[in-house]
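Everything below concerns the one structure shown next.
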Amino acid sequence: MALIPEHFEDFEVGLYGGAMENQYRKMRPEVMEMPWGSIAAEVHQYPDKVIQKARRIWTMAAFQEYRTGASVMDALQQMIEVRAPIDMLAVATRFPLDEIAHVEMCGRILAEVGGAVRLLHDPKHMTAPKNPDIEPLLQCAETIIRVFGVGEAVSIPILRTSGQKATHPLVGAVLMRIAQDEAMHGQFAWFFLDWCLDAFDADEKHYLASAAREQIDTLLDAWAIFAEPNEEEITEARLGWMDPETYFSVAHESLDTAVIKPLAKRGLDPRLIRPIEGHPHPLMTS
């Protein structure tokens, strides 16, 4: 068994309360307008294996939203350092708040299905490492592509479809709210690249395409966890996840339309770096 590094920590978050919570509620009032408590009222009806899976999936969802919050904060700081247009910066300031609200919503569902499972993480690596050998603008563009151009862009159709298929009103409301918030997240990379792409030469564009391709590999690896058999499709859809066949169909369509094609349109086609199974380049097919 691999040893867990001593600096790893349990993933736990909570509210401070009082005046801080009151200010937060004014910023995101829609969070408390959802039908909280409705899952807890029926949770005893679900098989234990379904509840345990729900706890695992929603724990990972809360952590992923928190980690994305750290990544969008990192991207925002880099954008300020490279003096991105102030209207673009202003739009981006909303993204961290979105992610934190999503953490709370996932956490509230977790509380209703029995609480989080233990999740250890490395607090020193919440965001991707920087390349010290490249200029700040290129580093910023790489971060934007990884966080928004791949990670956020691909998630929106998946979230929307999950929300539509979730038969429980609370789960559907949470997933559709997240999808609504992230609509601009998924488009943001293309606004940023259209602003700065002319500043890069051919080698730098190749570097960005390589970063996109690498991030796509990370994405494909993460999707593998959804390939497990699904024997409780109807019940599980009520608690927020799709059967593998539907999930992969939506995910790969999203990868093609929301990630690969916008990158290719800007001369950053990741398929020219290394082929992507199921997503052939039109000039490379036999």
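Starting from 1 in every chain, residues are counted up; chains themselves are A, B, ... following the order of the structure tokens, and ligands are numbered from 1 as listed.
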For the interface of segment 68-151 of chain A with segment 205-212 of chain A (cut-off 9 Å, counting only C-alpha atoms), please tabulate each contacting residue of segment 68-151 of chain A alongside its nearest pair of atoms and their separation in Å to one decimal, rows sorted by chain and increasing number, as JSON lines.
{"residue": "A:Leu138", "atom": "CA", "partner": "A:Leu208", "partner_atom": "CA", "distance": 8.0}
{"residue": "A:Ala141", "atom": "CA", "partner": "A:Leu208", "partner_atom": "CA", "distance": 7.5}
{"residue": "A:Glu142", "atom": "CA", "partner": "A:Leu208", "partner_atom": "CA", "distance": 5.9}
{"residue": "A:Thr143", "atom": "CA", "partner": "A:Ala211", "partner_atom": "CA", "distance": 8.9}
{"residue": "A:Ile145", "atom": "CA", "partner": "A:Ala212", "partner_atom": "CA", "distance": 6.4}
{"residue": "A:Arg146", "atom": "CA", "partner": "A:Ala212", "partner_atom": "CA", "distance": 6.2}
{"residue": "A:Gly149", "atom": "CA", "partner": "A:Ala212", "partner_atom": "CA", "distance": 8.0}
{"residue": "A:Val150", "atom": "CA", "partner": "A:Ala212", "partner_atom": "CA", "distance": 7.0}
Sort by chain and increasing residue number a table of all residues of segment 83-110 of chain A within 12 Å of segment 162-179 of chain A, each with its closest pair of atoms and their distance in Å to one decimal, counting only C-alpha atoms, and write it as a Markdown table.
| residue | atom | partner | partner_atom | distance |
| --- | --- | --- | --- | --- |
| A:Phe95 | CA | A:Ile178 | CA | 11.4 |
| A:Leu97 | CA | A:Ile178 | CA | 11.7 |
| A:Asp98 | CA | A:Ile178 | CA | 8.0 |
| A:Glu99 | CA | A:Ile178 | CA | 8.5 |
| A:Ile100 | CA | A:Ile178 | CA | 10.8 |
| A:Ala101 | CA | A:Ile178 | CA | 8.8 |
| A:His102 | CA | A:Ile178 | CA | 6.4 |
| A:Val103 | CA | A:Ile178 | CA | 10.0 |
| A:Glu104 | CA | A:Val174 | CA | 10.3 |
| A:Met105 | CA | A:Val174 | CA | 6.6 |
| A:Cys106 | CA | A:Val174 | CA | 7.8 |
| A:Gly107 | CA | A:Val174 | CA | 11.0 |
| A:Arg108 | CA | A:Val174 | CA | 10.0 |
| A:Ile109 | CA | A:Val171 | CA | 7.8 |
| A:Leu110 | CA | A:Val171 | CA | 11.0 |
Export of the given selection (C-alpha atoms) as a compact mmCIF listing (two decimals), in the first residue's frame:
# COMPACT_ATOMS: atom_id res chain seq x y z
CA PHE A 95 -16.07 32.84 -11.61
CA LEU A 97 -17.86 33.02 -6.50
CA ASP A 98 -19.67 30.66 -8.86
CA GLU A 99 -17.36 27.81 -7.91
CA ILE A 100 -17.67 28.42 -4.17
CA ALA A 101 -21.48 28.44 -4.46
CA HIS A 102 -21.23 25.15 -6.33
CA VAL A 103 -19.13 23.69 -3.52
CA GLU A 104 -21.87 24.61 -1.04
CA MET A 105 -24.64 23.12 -3.19
CA CYS A 106 -22.73 19.85 -3.62
CA GLY A 107 -21.99 19.84 0.11
CA ARG A 108 -25.64 20.30 1.01
CA ILE A 109 -26.62 17.34 -1.15
CA LEU A 110 -23.85 15.36 0.53
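Put simply, atom CA of Ala75 of chain A is 9.7 Å away from atom CA of Gln139 of chain A.
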Applying 8 Å and only C-alpha atoms, which residues near segment 185-196 of chain A remain after dropping the ones on its own chain fewer than 2 positions away? List them as a PyMOL selection string.
chain A and resi 88+95+141+144-145+148-149+152-156+181-183+198-200+258+262
Find the spatial neighbours of Asp217 of chain A, counting only C-alpha atoms, within a cut-off of 12 Å - ignore same-chain residues fewer than 4 positions away - and output them as a list in words.
Arg146, Val150, Gly151, Ser210, Ala211, Ala212, Arg213, Asp221, Ala222, Trp223, Ala224, Leu255, Pro270, Arg271, Ile273, Arg274, Pro275, Ile276 and Glu277 of chain A
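In this model, the gap between atom CA of Ala40 of chain A and atom CA of Arg238 of chain A comes to 13.1 Å.
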